[in-house]
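Here's the structure we're looking at; comments come further down.
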Amino acid sequence: MSRISRHALVLALLLTSTSALAGAQWVQARTVLNTCGYFSTSQAEVTLTYRNDDLPWGTRVFLIYGWGGTSGGPSTLDWAPAPQTVEVPAVAPYHWGTKVTGVIRARSSTQYTSINFVWKVVLPDGHEFYEKGNDSTYGYYAADFSQVPMPCTNTSGSFIGSPTPLTITTVVKD
């Protein structure tokens, strides 16, 4: 092997190994109006899945999330009411998944229209990184559920129908 081809091989291996930690994710949601009469509250049930085939066994994954929307005025909310962190269990090899629920609308109150999230990945050696879809300092993923059908039910916390796949966007914030 020539010196030039050896350097080319080392460079190719370096580029492959440093770009191999990108993951993929899926988000689905169901929403429900908690009464079929006078409006009270609406809830969302959001299922999030993270996949990364390049992570070693023993990796731990956490979901950091908050709700996005408006508080009745011109200001928008990114991480309401406060960021939550949950450890996400492995659901299959190289797949982690969890389900979160929350009140997304109440009479004369805040209205949430998206779930905003970041994946925190902790490798077995203790090193960690955040999967957020961009290189900005405070960036995150956002999945908008404002167009998900919202049937009514008289049983609080009971979700009806199949989950709707959501489009995930990345939000750049420095």
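The chains in the structure tokens are called A, B, ... from first to last as shown; in each chain the residues are counted from 1, and the ligands are counted from 1 in the order shown.
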
Note to self: What parts of chain A does DSSP call alpha helix (DSSP H)? I'd like the answer as a list in words.
What the structure shows: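 Alpha helix (DSSP H) members of chain A, listed: Arg3, Ile4, Ser5, Arg6, His7, Ala8, Leu9, Val10, Leu11, Ala12, Leu13, Leu14, Leu15, Thr16, Ser17 and Thr18 of chain A.
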
Selection above as a file: C-alpha atoms, as a PDB file, in the first residue's frame:
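Result written to out_3.pdb:
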ATOM      1  CA  ARG A   3       1.799   6.227   1.386  1.00  0.00           C
ATOM      2  CA  ILE A   4      -0.877   8.254  -0.436  1.00  0.00           C
ATOM      3  CA  SER A   5      -3.404   5.412  -0.470  1.00  0.00           C
ATOM      4  CA  ARG A   6      -2.738   4.761   3.242  1.00  0.00           C
ATOM      5  CA  HIS A   7      -3.487   8.419   4.058  1.00  0.00           C
ATOM      6  CA  ALA A   8      -6.630   8.284   1.903  1.00  0.00           C
ATOM      7  CA  LEU A   9      -7.788   5.154   3.777  1.00  0.00           C
ATOM      8  CA  VAL A  10      -7.154   6.764   7.186  1.00  0.00           C
ATOM      9  CA  LEU A  11      -9.059   9.897   6.108  1.00  0.00           C
ATOM     10  CA  ALA A  12     -11.983   7.816   4.818  1.00  0.00           C
ATOM     11  CA  LEU A  13     -12.148   5.851   8.084  1.00  0.00           C
ATOM     12  CA  LEU A  14     -12.012   9.059  10.117  1.00  0.00           C
ATOM     13  CA  LEU A  15     -14.854  10.660   8.139  1.00  0.00           C
ATOM     14  CA  THR A  16     -16.936   7.496   8.424  1.00  0.00           C
ATOM     15  CA  SER A  17     -16.448   7.137  12.175  1.00  0.00           C
ATOM     16  CA  THR A  18     -17.100  10.785  13.063  1.00  0.00           C
TER      17      THR A  18
END

Margin query: Between A:Gly157, A:Gly37, A:Pro165, A:Gly69, which residue has the minimum interatomic distance to Arg105 of chain A, considering only C-alpha atoms?
Written below: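 Result for the nearest residue to Arg105 of chain A: A:Gly69.
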
Notebook entry, point to check: Could you name the residues that touch Val91 of chain A at 12 Å or less, counting only C-alpha atoms, but leaving out those on the same chain fewer than 5 positions away, as a ChimeraX atom specification?
Noted result: /A:48-51,61,96-99

Note to self: Quick one: residues within 12 Å of Gly161 of chain A, only C-alpha atoms, excluding same-chain residues fewer than 2 positions away - as a list in words?
What the structure shows: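 Result of the neighbour search: Ala29, Arg30, Thr31, Val32, Glu45, Val148, Pro149, Met150, Pro151, Cys152, Thr153, Ser158, Phe159, Pro163 and Thr164 of chain A.
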
Export of the given selection (C-alpha atoms) as a PDB file, in the first residue's frame:
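This went into part.pdb:
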ATOM      1  CA  ALA A  29     -49.604  11.919  18.258  1.00  0.00           C
ATOM      2  CA  ARG A  30     -53.226  11.561  19.250  1.00  0.00           C
ATOM      3  CA  THR A  31     -55.251  14.399  20.731  1.00  0.00           C
ATOM      4  CA  VAL A  32     -58.575  14.396  22.517  1.00  0.00           C
ATOM      5  CA  GLU A  45     -50.468  11.681  23.717  1.00  0.00           C
ATOM      6  CA  VAL A 148     -54.102  16.082  14.454  1.00  0.00           C
ATOM      7  CA  PRO A 149     -57.820  15.153  14.670  1.00  0.00           C
ATOM      8  CA  MET A 150     -59.313  15.896  18.115  1.00  0.00           C
ATOM      9  CA  PRO A 151     -62.334  13.716  18.876  1.00  0.00           C
ATOM     10  CA  CYS A 152     -64.241  14.226  22.102  1.00  0.00           C
ATOM     11  CA  THR A 153     -64.562  11.769  24.961  1.00  0.00           C
ATOM     12  CA  SER A 158     -58.774   8.094  27.150  1.00  0.00           C
ATOM     13  CA  PHE A 159     -57.336   8.534  23.656  1.00  0.00           C
ATOM     14  CA  PRO A 163     -51.765   8.005  16.172  1.00  0.00           C
ATOM     15  CA  THR A 164     -50.989  10.480  13.386  1.00  0.00           C
TER      16      THR A 164
END
